[in-house]
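The file upload.cif contains mmCIF, C-alpha atoms and all ligand atoms:
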data_final
loop_
_atom_site.label_atom_id
_atom_site.label_comp_id
_atom_site.auth_asym_id
_atom_site.auth_seq_id
_atom_site.Cartn_x
_atom_site.Cartn_y
_atom_site.Cartn_z
CA MET A 37 -25.36 68.64 50.12
CA LYS A 38 -28.81 69.38 48.78
CA MET A 39 -31.41 67.62 50.93
CA THR A 40 -35.08 67.65 50.04
CA ALA A 41 -37.47 65.49 52.05
CA VAL A 42 -39.96 63.43 50.07
CA SER A 43 -43.06 61.55 51.20
CA LYS A 44 -42.35 59.07 53.99
CA SER A 45 -45.66 57.23 54.10
CA GLU A 46 -43.87 53.84 54.38
CA PRO A 47 -40.60 54.59 56.17
CA SER A 48 -39.52 50.97 56.53
CA ARG A 49 -39.91 50.31 52.80
CA LEU A 50 -37.91 53.25 51.49
CA PRO A 51 -34.98 52.22 49.30
CA ILE A 52 -31.57 52.77 50.85
CA LEU A 53 -30.67 54.11 47.43
CA GLU A 54 -32.88 55.22 44.58
CA MET A 55 -31.97 56.82 41.27
CA ARG A 56 -34.59 58.44 39.07
CA GLY A 57 -34.35 59.63 35.49
CA ILE A 58 -30.63 58.96 35.20
CA THR A 59 -29.30 59.99 31.80
CA LYS A 60 -25.72 59.97 30.57
CA THR A 61 -24.63 60.85 27.07
CA TYR A 62 -21.20 60.36 25.50
CA GLY A 63 -21.10 62.53 22.37
CA SER A 64 -24.28 61.58 20.55
CA HIS A 65 -24.52 58.19 22.28
CA ARG A 66 -26.94 57.71 25.18
CA ALA A 67 -25.21 55.28 27.55
CA LEU A 68 -28.06 55.73 30.08
CA ASP A 69 -31.49 56.87 29.02
CA ASP A 70 -33.92 57.90 31.78
CA VAL A 71 -33.01 54.98 34.05
CA ALA A 72 -34.79 54.34 37.36
CA PHE A 73 -32.93 52.07 39.75
CA HIS A 74 -33.35 51.30 43.44
CA VAL A 75 -31.97 49.02 46.12
CA MET A 76 -33.75 48.04 49.32
CA SER A 77 -32.03 47.34 52.63
CA GLY A 78 -30.33 43.94 52.65
CA GLU A 79 -31.34 43.27 49.05
CA VAL A 80 -29.09 41.72 46.40
CA VAL A 81 -29.87 43.21 42.99
CA GLY A 82 -28.43 41.57 39.88
CA LEU A 83 -27.65 44.11 37.18
CA LEU A 84 -27.69 42.25 33.88
CA GLY A 85 -27.50 42.96 30.17
CA ASP A 86 -25.46 42.34 27.06
CA ASN A 87 -22.21 44.14 26.19
CA GLY A 88 -22.68 47.89 25.95
CA ALA A 89 -26.07 47.79 27.69
CA GLY A 90 -25.07 50.47 30.19
CA LYS A 91 -24.36 48.39 33.30
CA SER A 92 -20.89 49.78 33.99
CA THR A 93 -22.02 53.33 33.36
CA LEU A 94 -24.85 52.89 35.86
CA VAL A 95 -22.48 51.34 38.39
CA LYS A 96 -20.08 54.23 37.89
CA THR A 97 -22.83 56.70 38.66
CA LEU A 98 -23.55 54.70 41.84
CA SER A 99 -19.92 54.94 42.90
CA GLY A 100 -19.61 58.60 41.96
CA VAL A 101 -17.08 58.00 39.17
CA VAL A 102 -19.45 59.16 36.43
CA ARG A 103 -21.61 62.21 36.90
CA PRO A 104 -24.94 61.84 35.07
CA ASP A 105 -26.23 64.64 32.83
CA ASP A 106 -29.63 64.36 34.40
CA GLY A 107 -31.44 62.56 37.21
CA GLU A 108 -31.94 62.49 40.95
CA VAL A 109 -30.64 60.32 43.77
CA TYR A 110 -32.41 59.59 47.05
CA GLN A 111 -31.28 57.80 50.18
CA ASP A 112 -33.96 56.68 52.64
CA GLY A 113 -36.36 58.98 50.79
CA VAL A 114 -34.16 62.04 51.10
CA ARG A 115 -32.66 63.67 48.03
CA VAL A 116 -28.86 63.51 48.14
CA ARG A 117 -25.91 64.50 46.01
CA LEU A 118 -23.93 61.74 44.35
CA ALA A 119 -21.44 63.50 42.13
CA ASN A 120 -18.07 62.10 43.19
CA HIS A 121 -16.32 59.39 45.15
CA ALA A 122 -16.52 61.32 48.43
CA ASP A 123 -20.32 61.56 48.06
CA ALA A 124 -20.50 57.79 47.52
CA GLU A 125 -18.35 57.24 50.63
CA ALA A 126 -20.62 59.48 52.67
CA LEU A 127 -23.66 57.53 51.48
CA GLY A 128 -22.06 54.25 52.56
CA ILE A 129 -21.51 52.90 49.05
CA GLU A 130 -18.44 50.74 48.41
CA THR A 131 -17.57 49.54 44.93
CA ILE A 132 -15.57 46.40 44.37
CA TYR A 133 -14.13 46.26 40.87
CA GLN A 134 -12.32 43.27 39.44
CA ASP A 135 -9.01 44.76 40.55
CA CYS A 136 -10.60 46.08 43.77
CA ALA A 137 -8.72 49.38 43.70
CA LEU A 138 -6.29 48.07 46.30
CA VAL A 139 -2.70 49.27 46.36
CA GLY A 140 -0.58 46.32 45.30
CA ALA A 141 2.65 47.46 46.95
CA MET A 142 0.99 47.90 50.34
CA SER A 143 0.20 45.26 52.93
CA ILE A 144 -3.28 43.88 53.54
CA TYR A 145 -3.69 45.84 56.76
CA ARG A 146 -2.63 49.16 55.17
CA ASN A 147 -5.12 48.56 52.38
CA MET A 148 -7.88 47.81 54.85
CA PHE A 149 -7.37 51.18 56.52
CA LEU A 150 -6.56 53.13 53.37
CA GLY A 151 -7.96 56.64 53.75
CA ARG A 152 -9.12 55.86 57.29
CA GLU A 153 -5.74 55.29 58.95
CA GLU A 154 -5.67 54.97 62.70
CA THR A 155 -3.31 57.27 64.53
CA ASN A 156 -1.94 57.29 68.07
CA ARG A 157 -2.22 60.23 70.46
CA PHE A 158 0.89 61.80 68.92
CA GLY A 159 -0.72 61.81 65.48
CA PHE A 160 1.51 59.06 64.06
CA LEU A 161 0.16 56.02 62.22
CA ASP A 162 -0.76 53.35 64.75
CA ARG A 163 0.46 50.36 62.75
CA ASP A 164 0.11 47.89 65.62
CA ALA A 165 -3.53 48.81 66.18
CA MET A 166 -4.29 48.56 62.45
CA ARG A 167 -2.46 45.23 62.17
CA ARG A 168 -4.32 43.79 65.16
CA LYS A 169 -7.69 45.00 63.92
CA ALA A 170 -7.02 43.76 60.40
CA GLN A 171 -6.25 40.32 61.80
CA THR A 172 -9.55 40.26 63.69
CA ILE A 173 -11.51 41.56 60.70
CA LEU A 174 -9.99 38.96 58.38
CA GLU A 175 -10.70 36.16 60.85
CA SER A 176 -14.32 37.19 61.34
CA ALA A 177 -15.35 38.49 57.92
CA VAL A 178 -13.53 36.30 55.46
CA GLU A 179 -13.60 32.56 54.92
CA ILE A 180 -10.78 32.32 52.45
CA SER A 181 -7.38 30.76 52.87
CA GLY A 182 -4.12 32.69 52.53
CA LEU A 183 -5.34 35.79 54.32
CA ASP A 184 -4.04 35.01 57.78
CA ASP A 185 -1.12 37.44 57.64
CA PRO A 186 -2.11 41.14 57.55
CA GLU A 187 1.51 42.04 56.65
CA LYS A 188 1.29 40.24 53.32
CA VAL A 189 1.64 42.53 50.31
CA VAL A 190 -1.56 42.76 48.28
CA ALA A 191 0.27 42.24 44.96
CA ALA A 192 0.97 38.70 46.13
CA LEU A 193 -2.71 37.87 46.57
CA SER A 194 -4.98 36.12 44.08
CA GLY A 195 -7.99 37.88 42.55
CA GLY A 196 -10.35 36.21 45.00
CA GLN A 197 -8.18 37.07 47.99
CA LYS A 198 -8.05 40.73 46.90
CA GLN A 199 -11.82 40.79 46.67
CA ALA A 200 -12.06 39.23 50.10
CA VAL A 201 -9.93 42.06 51.55
CA ALA A 202 -12.18 44.65 49.89
CA ILE A 203 -15.31 42.88 51.15
CA ALA A 204 -13.94 42.65 54.70
CA ARG A 205 -13.19 46.38 54.55
CA ALA A 206 -16.78 47.11 53.50
CA VAL A 207 -18.17 45.03 56.36
CA HIS A 208 -15.86 46.53 58.96
CA PHE A 209 -16.62 50.11 58.01
CA ARG A 210 -20.35 49.38 58.08
CA LYS A 211 -21.06 50.21 54.46
CA ARG A 212 -24.74 50.15 53.54
CA MET A 213 -24.29 48.92 50.02
CA VAL A 214 -21.55 47.13 48.11
CA VAL A 215 -21.43 47.31 44.32
CA PHE A 216 -19.71 44.34 42.68
CA ASP A 217 -18.69 45.09 39.08
CA GLU A 218 -18.20 41.71 37.39
CA PRO A 219 -16.38 40.33 40.43
CA THR A 220 -16.24 36.70 39.33
CA SER A 221 -15.18 37.04 35.69
CA ALA A 222 -11.49 36.34 36.37
CA LEU A 223 -11.82 34.01 39.35
CA SER A 224 -11.38 30.29 39.87
CA VAL A 225 -14.41 28.14 40.72
CA ARG A 226 -13.50 28.10 44.41
CA GLU A 227 -12.87 31.86 44.54
CA THR A 228 -16.15 32.50 42.75
CA GLU A 229 -17.98 30.42 45.36
CA ASN A 230 -16.29 32.49 48.08
CA VAL A 231 -17.38 35.79 46.53
CA LEU A 232 -20.95 34.53 46.12
CA ALA A 233 -20.92 33.35 49.74
CA SER A 234 -19.66 36.80 50.78
CA ILE A 235 -22.58 38.48 49.02
CA VAL A 236 -24.97 36.22 50.93
CA ARG A 237 -23.13 36.98 54.19
CA LEU A 238 -23.34 40.72 53.53
CA ARG A 239 -27.09 40.33 53.11
CA GLY A 240 -27.14 38.56 56.49
CA GLU A 241 -25.52 41.67 57.97
CA GLY A 242 -28.19 43.86 56.37
CA ILE A 243 -25.76 45.19 53.76
CA SER A 244 -27.23 45.45 50.25
CA SER A 245 -25.37 44.45 47.10
CA VAL A 246 -25.55 45.33 43.45
CA PHE A 247 -24.06 42.48 41.47
CA VAL A 248 -23.07 43.16 37.85
CA THR A 249 -22.42 39.96 35.97
CA HIS A 250 -22.71 38.20 32.62
CA ASN A 251 -23.02 34.89 34.43
CA LEU A 252 -26.73 34.27 34.91
CA TYR A 253 -26.11 31.11 36.95
CA HIS A 254 -24.15 33.11 39.52
CA ALA A 255 -26.80 35.82 39.49
CA LYS A 256 -29.56 33.29 40.03
CA GLN A 257 -27.68 31.85 43.02
CA VAL A 258 -27.55 35.04 45.06
CA CYS A 259 -29.88 37.73 43.70
CA ASP A 260 -33.26 38.71 45.13
CA ARG A 261 -34.13 40.81 42.11
CA PHE A 262 -32.92 41.29 38.55
CA VAL A 263 -32.63 44.53 36.66
CA VAL A 264 -31.92 44.00 32.96
CA MET A 265 -30.50 46.80 30.80
CA ALA A 266 -30.42 47.10 27.01
CA ARG A 267 -29.13 50.05 24.98
CA GLY A 268 -29.03 52.32 28.01
CA ARG A 269 -32.58 51.57 29.15
CA LYS A 270 -34.00 49.37 31.89
CA ILE A 271 -36.06 46.68 30.17
CA LEU A 272 -36.86 44.39 33.10
CA ASP A 273 -37.09 44.73 36.88
CA THR A 274 -38.35 41.55 38.52
CA PRO A 275 -38.00 39.38 41.63
CA SER A 276 -35.46 36.70 40.77
CA ASP A 277 -37.84 33.83 41.51
CA GLU A 278 -40.33 35.10 38.94
CA VAL A 279 -38.11 34.57 35.93
CA SER A 280 -36.28 31.45 34.75
CA LEU A 281 -32.73 31.34 33.44
CA ASP A 282 -34.07 30.52 29.97
CA GLU A 283 -36.40 33.52 30.01
CA LEU A 284 -33.62 35.79 31.25
CA THR A 285 -31.29 34.59 28.50
CA ARG A 286 -33.98 35.14 25.87
CA ILE A 287 -34.72 38.66 27.11
CA ILE A 288 -31.04 39.66 27.17
CA VAL A 289 -30.16 38.10 23.82
CA SER A 290 -33.29 39.30 22.00
CA ARG A 291 -32.33 42.93 22.64
N1 LIG A 301 -16.14 56.89 28.55
C1 LIG A 301 -16.93 56.58 27.52
N2 LIG A 301 -16.84 57.27 26.38
C2 LIG A 301 -17.63 56.99 25.33
N3 LIG A 301 -18.54 56.01 25.31
C3 LIG A 301 -18.67 55.27 26.42
C4 LIG A 301 -17.86 55.51 27.58
N4 LIG A 301 -18.23 54.62 28.54
C5 LIG A 301 -19.18 53.85 27.99
N5 LIG A 301 -19.46 54.24 26.74
C6 LIG A 301 -20.46 53.65 25.84
O1 LIG A 301 -21.68 53.57 26.55
C7 LIG A 301 -22.33 52.34 26.27
C8 LIG A 301 -22.58 51.60 27.57
O2 LIG A 301 -21.31 51.12 28.05
P1 LIG A 301 -21.16 50.32 29.41
O3 LIG A 301 -19.70 50.12 29.64
O4 LIG A 301 -21.93 51.00 30.47
O5 LIG A 301 -21.87 48.94 29.03
P2 LIG A 301 -21.87 47.56 29.85
O6 LIG A 301 -23.28 47.10 29.92
O7 LIG A 301 -21.16 47.70 31.12
O8 LIG A 301 -21.06 46.62 28.85
P3 LIG A 301 -20.02 45.42 29.17
O9 LIG A 301 -20.83 44.29 29.70
O10 LIG A 301 -19.43 45.15 27.84
O11 LIG A 301 -19.01 45.94 30.17
C9 LIG A 301 -21.46 51.58 25.28
O12 LIG A 301 -21.96 51.79 23.99
C10 LIG A 301 -20.11 52.22 25.47
O13 LIG A 301 -19.36 52.16 24.26
#

So, in terms of structure tokens, how does the structure I just supplied come out?
Amino acid sequence: MKMTAVSKSEPSRLPILEMRGITKTYGSHRALDDVAFHVMSGEVVGLLGDNGAGKSTLVKTLSGVVRPDDGEVYQDGVRVRLANHADAEALGIETIYQDCALVGAMSIYRNMFLGREETNRFGFLDRDAMRRKAQTILESAVEISGLDDPEKVVAALSGGQKQAVAIARAVHFRKRMVVFDEPTSALSVRETENVLASIVRLRGEGISSVFVTHNLYHAKQVCDRFVVMARGRKILDTPSDEVSLDELTRIIVSR
């Protein structure tokens, strides 16, 4: 991993993640054009914009799924590599997509420990330990009904319940930042409220969130700052209390 120290004049105010000059081209189309994006500790950043604005592409660079053609990434002021999923893991970034990337055929507890399975001293999977821990995690991190049995198969869960499992996993493994890619678009009103409450709870734990959504009301409820994209460029970066919903709508629609 390439690590280059940069100025640390204000250590406490360094972003936990900062991207500079991010560019991504598909053929002749610039999906991201010299984008600067940062997230502070415990901050909820709403990533907004019309269809095709570049939100998903930016989120995919954050989660290491898309490798930009150009640009730099810094964590706590130190230049880091973010070129694949393993890099994102190492930087403490968890992405929660609509389908949450959980394995449907596996139980809740197996999904919670996917890739980080606990083993006993003989090297075998310690299912009891994982089951017990999953139970505790679900009880403490998730306020959503239907998640009391860690043995339940994930395919049998609703969209909101799946997201709750993914969120609980992020909290338990002390992620620094959770990226939500349109998490509420397929959820019921109650499930949406639960996801929004989870984002607020994550902030309480000092975990930052990037919240991609088309729903400005939801964004306004939980975001500290808005970043608006249009045609691959960042066109607005503002504290959420400095812009009204009407203004936001106008800015997004006018581009
Ligand atoms: N794999 C790809 N191949 C070619 N073009 C792509 C690819 N991914 C994205 N694009 C293009 O890049 C642009 C930005 O797409 P992106 O999915 O990032 O937008 P978005 O803001 O997330 O839109 P939406 O809200 O509709 O999901 C679009 O014009 C899209 O067609």

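With all atoms listed in the file as the atoms that count, the set of residues no farther than 6 Å from ligand LIG 301 (chain A) is A:Tyr62, A:Ala67, A:Gly85, A:Asp86, A:Asn87, A:Gly88, A:Ala89, A:Gly90, A:Lys91, A:Ser92, A:Thr93.
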
Spatial neighbours of range 229-241 of chain A, 10 Å, all atoms listed in the file, chain gap at least 2 places, as an MDAnalysis selection string: chainID A and resid 77:80 177:180 196:197 199:200 203:204 206:207 210:214 216 219:220 223:227 243:247 254:255 257:259

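Each of A:Gly159, A:Gly100, A:Ile129, A:His74 was checked against Arg117 in chain A using all atoms listed in the file; the smallest atom-to-atom distance is that of A:Gly100.
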
Padding 4 Å on each side, edges along x, y and z: where is the centre of the box around the listed atoms of range 278-286 of chain A, and how long are its edges in Å to one decimal? Output it as AutoDock Vina command-line options.
--center_x -35.8 --center_y 33.2 --center_z 32.4 --size_x 17.0 --size_y 13.3 --size_z 21.1

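The smallest atom-to-atom distance between Ala141 in chain A and any of A:Ala191, A:Ala72, A:Ser64, A:Val81, using all atoms listed in the file, is found for A:Ala191.
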
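Among the candidates A:Gln171, A:Thr59, A:Thr249, A:Ser143, the residue lying nearest to Glu218 in chain A is A:Thr249 (atoms considered: only C-alpha atoms).
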
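The residue that comes closest to Thr285 in chain A, out of A:Ala266, A:Leu252, A:Leu272, A:Val215 and on the basis of only C-alpha atoms, is A:Leu252.
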
Leu150 in chain A surroundings by all atoms listed in the file, 12 Å radius, close-in-sequence under 2 positions cut, as a ChimeraX atom specification: /A:137-139,142-148,152-154,161,166,170,201-202,205-206,209

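Here CA of Val71 in chain A and CA of Tyr110 in chain A stand 13.8 Å from one another.
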
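Nearest-residue note for Gly113 in chain A: choosing from A:Arg49, A:Arg168, A:His65, A:Lys60, the minimum distance belongs to A:Arg49, counting only C-alpha atoms.
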
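Shortest separation to Asp282 in chain A among A:Tyr133, A:Gly195, A:Gln111, A:Tyr253 occurs at residue A:Tyr253, atoms counted being only C-alpha atoms.
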
Protein/DNA/RNA residues near (-37.9, 64.1, 40.2), cut 10 Å, all atoms listed in the file, as a ChimeraX atom specification: /A:55-57,107-110,115

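The spacing separating CA of Ala119 in chain A from CA of Glu54 in chain A amounts to 14.3 Å.
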
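Take CA of Gly128 in chain A and CA of Pro104 in chain A: the distance between them is 19.3 Å.
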
Please fill the gaps in range 233-258 of chain A so it has N, CA and C atoms, and write that as a tab-separated table (two decimals), in the coordinates of the input.
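Result file is result34.tsv:
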chain	number	residue	atom	x	y	z
A	233	ALA	N	-20.60	33.55	48.31
A	233	ALA	CA	-20.92	33.35	49.74
A	233	ALA	C	-20.80	34.67	50.50
A	234	SER	N	-19.83	35.50	50.11
A	234	SER	CA	-19.66	36.80	50.78
A	234	SER	C	-20.87	37.69	50.55
A	235	ILE	N	-21.41	37.65	49.33
A	235	ILE	CA	-22.58	38.48	49.02
A	235	ILE	C	-23.75	38.04	49.91
A	236	VAL	N	-23.89	36.74	50.08
A	236	VAL	CA	-24.97	36.22	50.93
A	236	VAL	C	-24.72	36.64	52.39
A	237	ARG	N	-23.44	36.59	52.81
A	237	ARG	CA	-23.13	36.98	54.19
A	237	ARG	C	-23.40	38.46	54.42
A	238	LEU	N	-23.06	39.28	53.41
A	238	LEU	CA	-23.34	40.72	53.53
A	238	LEU	C	-24.83	40.93	53.74
A	239	ARG	N	-25.64	40.20	52.96
A	239	ARG	CA	-27.09	40.33	53.11
A	239	ARG	C	-27.50	39.99	54.54
A	240	GLY	N	-26.86	38.95	55.10
A	240	GLY	CA	-27.14	38.56	56.49
A	240	GLY	C	-26.84	39.68	57.47
A	241	GLU	N	-25.90	40.53	57.11
A	241	GLU	CA	-25.52	41.67	57.97
A	241	GLU	C	-26.37	42.89	57.67
A	242	GLY	N	-27.33	42.73	56.74
A	242	GLY	CA	-28.19	43.86	56.37
A	242	GLY	C	-27.56	44.79	55.35
A	243	ILE	N	-26.43	44.36	54.76
A	243	ILE	CA	-25.76	45.19	53.76
A	243	ILE	C	-26.24	44.77	52.37
A	244	SER	N	-26.71	45.73	51.59
A	244	SER	CA	-27.23	45.45	50.25
A	244	SER	C	-26.08	45.27	49.26
A	245	SER	N	-26.37	44.59	48.16
A	245	SER	CA	-25.37	44.45	47.10
A	245	SER	C	-26.00	44.69	45.75
A	246	VAL	N	-25.20	45.28	44.87
A	246	VAL	CA	-25.55	45.33	43.45
A	246	VAL	C	-24.50	44.47	42.76
A	247	PHE	N	-24.96	43.49	42.02
A	247	PHE	CA	-24.06	42.48	41.47
A	247	PHE	C	-24.15	42.53	39.94
A	248	VAL	N	-23.11	43.09	39.32
A	248	VAL	CA	-23.07	43.16	37.85
A	248	VAL	C	-22.38	41.91	37.34
A	249	THR	N	-23.05	41.18	36.48
A	249	THR	CA	-22.42	39.96	35.97
A	249	THR	C	-23.01	39.56	34.63
A	250	HIS	N	-22.20	38.81	33.86
A	250	HIS	CA	-22.71	38.20	32.62
A	250	HIS	C	-23.10	36.75	32.91
A	251	ASN	N	-22.75	36.29	34.11
A	251	ASN	CA	-23.02	34.89	34.43
A	251	ASN	C	-24.37	34.76	35.13
A	252	LEU	N	-25.37	34.32	34.37
A	252	LEU	CA	-26.73	34.27	34.91
A	252	LEU	C	-26.88	33.20	35.99
A	253	TYR	N	-26.05	32.16	35.92
A	253	TYR	CA	-26.11	31.11	36.95
A	253	TYR	C	-25.68	31.69	38.30
A	254	HIS	N	-24.60	32.48	38.27
A	254	HIS	CA	-24.15	33.11	39.52
A	254	HIS	C	-25.21	34.09	40.03
A	255	ALA	N	-25.78	34.84	39.09
A	255	ALA	CA	-26.80	35.82	39.49
A	255	ALA	C	-27.99	35.11	40.14
A	256	LYS	N	-28.39	34.02	39.53
A	256	LYS	CA	-29.56	33.29	40.03
A	256	LYS	C	-29.30	32.74	41.44
A	257	GLN	N	-28.02	32.41	41.72
A	257	GLN	CA	-27.68	31.85	43.02
A	257	GLN	C	-27.88	32.83	44.17
A	258	VAL	N	-27.61	34.11	43.92
A	258	VAL	CA	-27.55	35.04	45.06
A	258	VAL	C	-28.53	36.22	45.00
